[in-house]
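Undergrad: Provided below: start.txt, containing compact mmCIF, C-alpha atoms.
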# COMPACT_ATOMS: atom_id res chain seq x y z
CA MET A 477 -169.51 63.05 -121.21
CA ASN A 478 -167.73 59.74 -121.88
CA LYS A 479 -169.90 58.32 -124.67
CA LYS A 480 -168.07 54.99 -124.81
CA PHE A 481 -168.71 54.41 -121.12
CA LEU A 482 -172.36 55.49 -121.36
CA GLY A 483 -172.82 53.16 -124.30
CA TYR A 484 -171.46 50.33 -122.19
CA MET A 485 -173.81 51.20 -119.35
CA ALA A 486 -176.83 51.53 -121.64
CA SER A 487 -176.30 47.99 -122.91
CA LEU A 488 -175.73 46.70 -119.39
CA ILE A 489 -178.93 48.26 -118.04
CA LEU A 490 -181.04 46.34 -120.56
CA ILE A 491 -180.17 43.03 -118.92
CA VAL A 492 -179.39 43.88 -115.30
CA GLY A 493 -181.46 42.02 -112.74
CA CYS A 494 -184.07 41.03 -115.32
CA THR A 495 -185.41 37.83 -116.81
CA LYS A 496 -188.13 39.62 -118.79
CA SER A 497 -188.00 39.62 -122.57
CA LYS A 498 -188.57 43.28 -123.44
CA LYS A 499 -187.80 46.81 -122.35
CA GLU A 500 -190.46 49.50 -122.37
CA ASN A 501 -189.95 53.18 -121.60
CA THR A 502 -192.17 54.01 -118.66
CA GLU A 503 -191.67 57.74 -119.22
CA ASP A 504 -193.48 58.04 -122.56
CA THR A 505 -196.51 59.84 -121.12
CA PHE A 506 -194.46 61.91 -118.69
CA LEU A 507 -191.94 63.01 -121.32
CA GLY A 508 -194.70 63.46 -123.88
CA SER A 509 -196.21 66.19 -121.73
CA VAL A 510 -192.79 67.85 -121.46
CA ASP A 511 -192.41 67.73 -125.26
CA THR A 512 -195.74 69.55 -125.54
CA PHE A 513 -194.46 72.41 -123.37
CA THR A 514 -191.12 72.64 -125.20
CA ASN A 515 -192.41 72.41 -128.78
CA LEU A 516 -190.90 75.57 -130.28
CA ASN A 517 -193.50 75.62 -133.06
CA LYS A 518 -196.02 76.70 -130.41
CA TYR A 519 -194.06 79.85 -129.50
CA LYS A 520 -193.19 83.18 -131.06
CA ILE A 521 -189.39 82.90 -131.08
CA ASN A 522 -186.56 85.41 -130.71
CA GLU A 523 -182.98 84.26 -131.24
CA LYS A 524 -179.68 85.69 -130.02
CA ILE A 525 -176.44 84.39 -131.54
CA ILE A 526 -173.92 83.10 -128.98
CA ASN A 527 -171.39 81.61 -131.41
CA ASP A 528 -171.22 79.91 -134.82
CA SER A 529 -173.37 76.98 -133.73
CA ILE A 530 -175.26 78.02 -130.57
CA VAL A 531 -178.18 80.44 -130.30
CA SER A 532 -180.08 81.54 -127.21
CA ILE A 533 -183.83 81.19 -127.69
CA GLU A 534 -186.62 83.06 -125.95
CA GLY A 535 -190.21 82.36 -126.86
CA THR A 536 -193.70 83.34 -125.77
CA ASN A 537 -197.24 82.17 -126.38
CA ARG A 538 -200.56 82.82 -124.73
CA ASN A 539 -199.77 80.76 -121.63
CA PHE A 540 -196.02 80.29 -121.29
CA THR A 541 -192.54 81.64 -121.90
CA ILE A 542 -189.62 79.42 -122.86
CA GLN A 543 -185.85 80.00 -122.72
CA GLY A 544 -182.79 77.89 -123.52
CA ASN A 545 -179.86 77.27 -125.84
CA PHE A 546 -180.13 75.56 -129.21
CA ASN A 547 -177.41 73.96 -131.33
CA LYS A 548 -178.04 74.92 -134.96
CA ARG A 549 -175.59 72.37 -136.33
CA SER A 550 -177.13 69.36 -134.59
CA ASN A 551 -180.63 70.93 -134.60
CA LYS A 552 -180.98 69.99 -130.91
CA LYS A 553 -181.81 71.66 -127.62
CA ILE A 554 -178.85 71.64 -125.22
CA ASP A 555 -178.26 72.11 -121.49
CA TRP A 556 -181.02 73.52 -119.25
CA TRP A 557 -184.29 74.98 -120.58
CA GLN A 558 -187.03 76.74 -118.64
CA VAL A 559 -190.77 76.99 -119.27
CA VAL A 560 -192.64 79.51 -117.09
CA ASP A 561 -196.37 80.01 -116.55
CA ARG A 562 -197.17 83.59 -117.61
CA LYS A 563 -200.05 83.83 -115.14
CA ASP A 564 -197.94 82.68 -112.18
CA SER A 565 -194.16 82.72 -112.60
CA THR A 566 -193.71 80.54 -109.50
CA ASN A 567 -195.03 77.63 -111.62
CA LYS A 568 -192.34 76.45 -114.00
CA LEU A 569 -190.47 73.54 -115.55
CA LYS A 570 -186.69 73.23 -115.78
CA ILE A 571 -185.51 70.61 -118.28
CA GLN A 572 -181.97 69.35 -118.88
CA TYR A 573 -181.13 68.03 -122.34
CA LEU A 574 -178.17 65.77 -123.13
CA LEU A 575 -176.92 64.82 -126.57
CA PHE A 576 -176.20 61.09 -126.53
CA GLU A 577 -175.49 59.06 -129.69
CA GLU A 578 -177.00 61.90 -131.77
CA LYS A 579 -180.24 61.75 -129.79
CA ASN A 580 -181.70 64.52 -127.64
CA ILE A 581 -182.27 62.99 -124.20
CA VAL A 582 -184.40 64.64 -121.53
CA ASN A 583 -182.22 63.78 -118.56
CA GLN A 584 -183.64 65.85 -115.68
CA ILE A 585 -186.99 67.56 -115.18
CA LYS A 586 -187.74 69.82 -112.24
CA SER A 587 -191.38 70.80 -111.83
CA TYR A 588 -192.05 73.80 -109.59
CA LYS A 589 -195.41 74.70 -108.07
CA LYS A 590 -195.70 77.96 -106.15
CA GLY A 591 -191.91 78.20 -106.16
CA LYS A 592 -191.33 74.78 -104.58
CA ILE A 593 -190.10 71.73 -106.44
CA ASP A 594 -192.74 69.00 -106.83
CA THR A 595 -190.60 65.93 -106.16
CA LEU A 596 -193.45 63.52 -106.97
CA ASN A 597 -193.65 64.81 -110.53
CA SER A 598 -189.98 65.49 -111.24
CA LYS A 599 -186.94 63.55 -112.39
CA PHE A 600 -183.59 64.78 -111.08
CA TYR A 601 -180.67 64.06 -108.78
CA LEU A 602 -178.87 65.79 -105.91
CA VAL A 603 -175.34 65.23 -104.58
CA LYS A 604 -174.27 65.95 -101.02
CA SER A 605 -170.90 65.40 -99.33
CA ILE A 606 -171.19 63.52 -96.03
CA ASP A 607 -167.92 62.78 -94.20
CA ASP A 608 -165.84 60.73 -96.66
CA SER A 609 -168.79 59.84 -98.92
CA LEU A 610 -171.00 61.38 -101.57
CA LYS A 611 -174.73 60.84 -101.14
CA TYR A 612 -176.63 60.71 -104.43
CA SER A 613 -180.41 61.19 -104.21
CA PHE A 614 -182.34 60.22 -107.32
CA TYR A 615 -185.92 61.46 -107.68
CA LEU A 616 -188.39 59.92 -110.14
CA PRO A 617 -192.15 60.33 -110.66
CA LEU A 618 -193.89 58.18 -108.05
CA ARG A 619 -195.36 54.93 -109.39
CA LYS A 620 -196.85 51.79 -107.87
CA ASN A 621 -195.29 49.07 -110.03
CA LYS A 622 -193.10 46.40 -108.43
CA ILE A 623 -189.40 47.36 -108.42
CA ILE A 624 -187.04 44.85 -110.01
CA SER A 625 -183.79 46.71 -109.43
CA SER A 626 -182.41 50.15 -108.58
CA LYS A 627 -178.71 50.56 -109.22
CA PHE A 628 -176.12 53.24 -109.83
CA TYR A 629 -173.53 52.37 -112.48
CA TYR A 630 -170.56 54.70 -112.35
CA GLN A 631 -166.94 55.12 -113.35
CA ILE A 632 -163.96 56.82 -111.71
CA GLU A 633 -160.85 57.05 -113.87
CA ALA A 634 -161.82 54.08 -116.08
CA LYS A 635 -162.64 51.85 -113.10
CA GLU A 636 -166.28 50.74 -113.09
CA TYR A 637 -168.58 50.20 -110.11
CA ILE A 638 -172.17 49.13 -109.42
CA GLN A 639 -173.96 50.43 -106.34
CA VAL A 640 -177.37 49.16 -105.16
CA CYS A 641 -179.59 52.08 -104.10
CA ASN A 642 -182.08 52.19 -101.24
CA LYS A 643 -185.67 53.36 -101.69
CA ARG A 644 -186.72 56.33 -99.53
CA PHE A 645 -190.44 56.96 -100.31
CA ASN A 646 -190.13 59.23 -103.36
CA HIS A 647 -186.41 58.89 -104.06
CA TYR A 648 -183.42 56.57 -103.97
CA GLU A 649 -180.20 57.03 -102.02
CA CYS A 650 -176.76 55.77 -103.00
CA PHE A 651 -173.53 56.34 -101.10
CA VAL A 652 -170.25 56.50 -103.00
CA LYS A 653 -166.83 56.89 -101.41
CA ASN A 654 -165.64 60.41 -102.20
CA PRO A 655 -162.74 60.12 -104.67
CA ASN A 656 -159.55 61.99 -103.93
CA ASP A 657 -157.96 64.74 -106.05
CA ASN A 658 -161.29 65.95 -107.46
CA LYS A 659 -161.65 62.92 -109.69
CA VAL A 660 -164.73 63.01 -111.92
CA ILE A 661 -167.59 60.54 -111.44
CA LEU A 662 -169.54 59.59 -114.57
CA GLY A 663 -172.53 57.29 -114.37
CA VAL A 664 -176.17 56.44 -114.78
CA PHE A 665 -178.86 55.53 -112.27
CA SER A 666 -181.33 52.89 -113.46
CA GLU A 667 -184.70 51.96 -112.02
CA ALA A 668 -186.30 48.81 -113.47
CA MET A 669 -189.93 48.00 -112.69
CA GLU A 670 -192.53 45.48 -113.77
CA ASN A 671 -194.95 46.68 -116.43
CA SER A 672 -198.51 46.49 -115.10
CA LYS A 673 -200.02 46.14 -118.58
CA HIS A 674 -197.63 43.68 -120.23
CA GLU A 675 -196.39 40.75 -118.16
CA ASN A 676 -193.25 40.13 -120.23
CA ASP A 677 -192.16 43.78 -120.39
CA ILE A 678 -190.19 45.93 -118.00
CA ASP A 679 -190.11 49.68 -117.49
CA ILE A 680 -186.75 51.40 -117.21
CA SER A 681 -186.02 54.97 -116.11
CA GLU A 682 -182.52 56.44 -116.25
CA ILE A 683 -180.73 59.54 -114.97
CA TYR A 684 -177.25 60.26 -116.31
CA ILE A 685 -174.58 61.77 -114.08
CA GLU A 686 -171.83 63.99 -115.49
Step by step, read the file and then write its structure as C-alpha cells.
TA:
Amino acid sequence: MNKKFLGYMASLILIVGCTKSKKENTEDTFLGSVDTFTNLNKYKINEKIINDSIVSIEGTNRNFTIQGNFNKRSNKKIDWWQVVDRKDSTNKLKIQYLLFEEKNIVNQIKSYKKGKIDTLNSKFYLVKSIDDSLKYSFYLPLRKNKIISSKFYYQIEAKEYIQVCNKRFNHYECFVKNPNDNKVILGVFSEAMENSKHENDIDISEIYIE
C-alpha cells in the first residue's frame, strides 16, 4: 500500500467538510469488542512457521477458535484473521488487519450469523464492475448520528480524486470510472458524523482500499 498517499489522505480526512474542533473515533466500542475476541492471551496457541518473520497461528479456548498470520518482527497481526464459535461454526468473525505507520489497523470486519453476513454489525467493502464503471459499496455499523460527509478519496497512477458517496440504508455507494490497463486504485472511504455526546466533536470511520 502507498503509505505516502495514505498519509496524505489521513490528514485530509481530518478537515474535510467539517467546522468542528475535534475528531473522535466512533468505533472504540465496536473495535473494543473485536479486540476482546482476538486477544491471543485468551487462547491456547499453536504456531506454524511460514518464513523467517511470519507464523501461522491457531488458537482455542472454551468458546472460540482463532486463526491468522502473525509477523514476529513487527509483533503485529497481518492480513485476514478468523474467530469461530465452537458451539456453532456458522457464527464467526473475519477481521482484516493493515499495518499503517507502524500501527495495527482493523480495516474490515465481517460478522457472520448462521452463515450469513450481518451487514448492520460489520465494516467492509465490495467492488463490482458495471459497464465502464466500478461500483464500491461501503458497509459500516448502522448509527443514528447526523452525517456530515461521506467521501471516497482515491488515487490512480499518482492522480488524486474525491468522490461523494450516496447513502443506501446500511451502506454507501460510489461509482468510479474503470481505469484501463488494469491500473491499481488505492484509496480510503471516510464517513464523518456528528457526535451525539460532545457538540464540538465529530466521529470518523474509515475503510482503506488496496
Undergrad: List the neighbours of Cys641 of chain A out to 6 Å using all atoms listed in the file; skip same-chain residues closer than 2 positions along the sequence, and give me the result as an MDAnalysis selection string.
TA: chainID A and resid 626:627 648:650
Undergrad: Could you give me the centre and size, in Å to one decimal, of an axis-aligned box around all listed atoms of segment 650-658 of chain A with 6 Å added on every side, as lines of an AutoDock Vina configuration file?
TA:
center_x = -167.4
center_y = 60.9
center_z = -104.3
size_x = 30.8
size_y = 22.2
size_z = 18.4
Undergrad: Would you compute the distance between atom CA of Arg619 of chain A and atom CA of Asn580 of chain A? Give it in Å to one decimal.
TA: 24.7 Å
Undergrad: Taking into account all atoms listed in the file, which residue in the set A:Val559, A:Val652, A:Leu616, A:Leu596 is nearest to Asn583 of chain A?
TA: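 Nearest candidate to Asn583 of chain A out of A:Val559, A:Val652, A:Leu616, A:Leu596: A:Leu616.
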Undergrad: Would you please work out which residue, of A:Asn654, A:Asn642, A:Asn671, A:Asn597, is nearest to Pro617 of chain A when using only C-alpha atoms?
TA: A:Asn597
Undergrad: Rank A:Gln584, A:Ser625, A:Gln572, A:Thr541 by their smallest atom-to-atom distance to Ile678 of chain A, using only C-alpha atoms, and report the top residue only.
TA: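 With only C-alpha atoms as the atom set, the closest residue is A:Ser625.
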Undergrad: Could you pull the residues within 12 Å of Lys592 of chain A, counting all atoms listed in the file, minus those fewer than 2 positions along the same chain, as a list in words?
TA: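 Answer for this query is Ser565, Thr566, Asn567, Lys568, Leu569, Lys586, Ser587, Tyr588, Lys589, Lys590, Asp594, Thr595, Leu596, Asn597 and Ser598 of chain A.
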Undergrad: What does the structure give for the distance between atom CA of Ile530 of chain A and atom CA of Asn547 of chain A, in Å to one decimal?
TA: 4.7 Å
Undergrad: Please determine, counting all atoms listed in the file, which residue among A:Val582, A:Ser605, A:Phe651, A:Ile525 has the shortest atom-to-atom distance to Ser681 of chain A.
TA: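 Checking each of A:Val582, A:Ser605, A:Phe651, A:Ile525 against Ser681 of chain A, counting all atoms listed in the file, the winner is A:Val582.
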Undergrad: Could you pull the residues within 12 Å of Ser529 of chain A, counting all atoms listed in the file, minus those fewer than 5 positions along the same chain, as a PyMOL selection string?
TA: chain A and resi 524+545-554
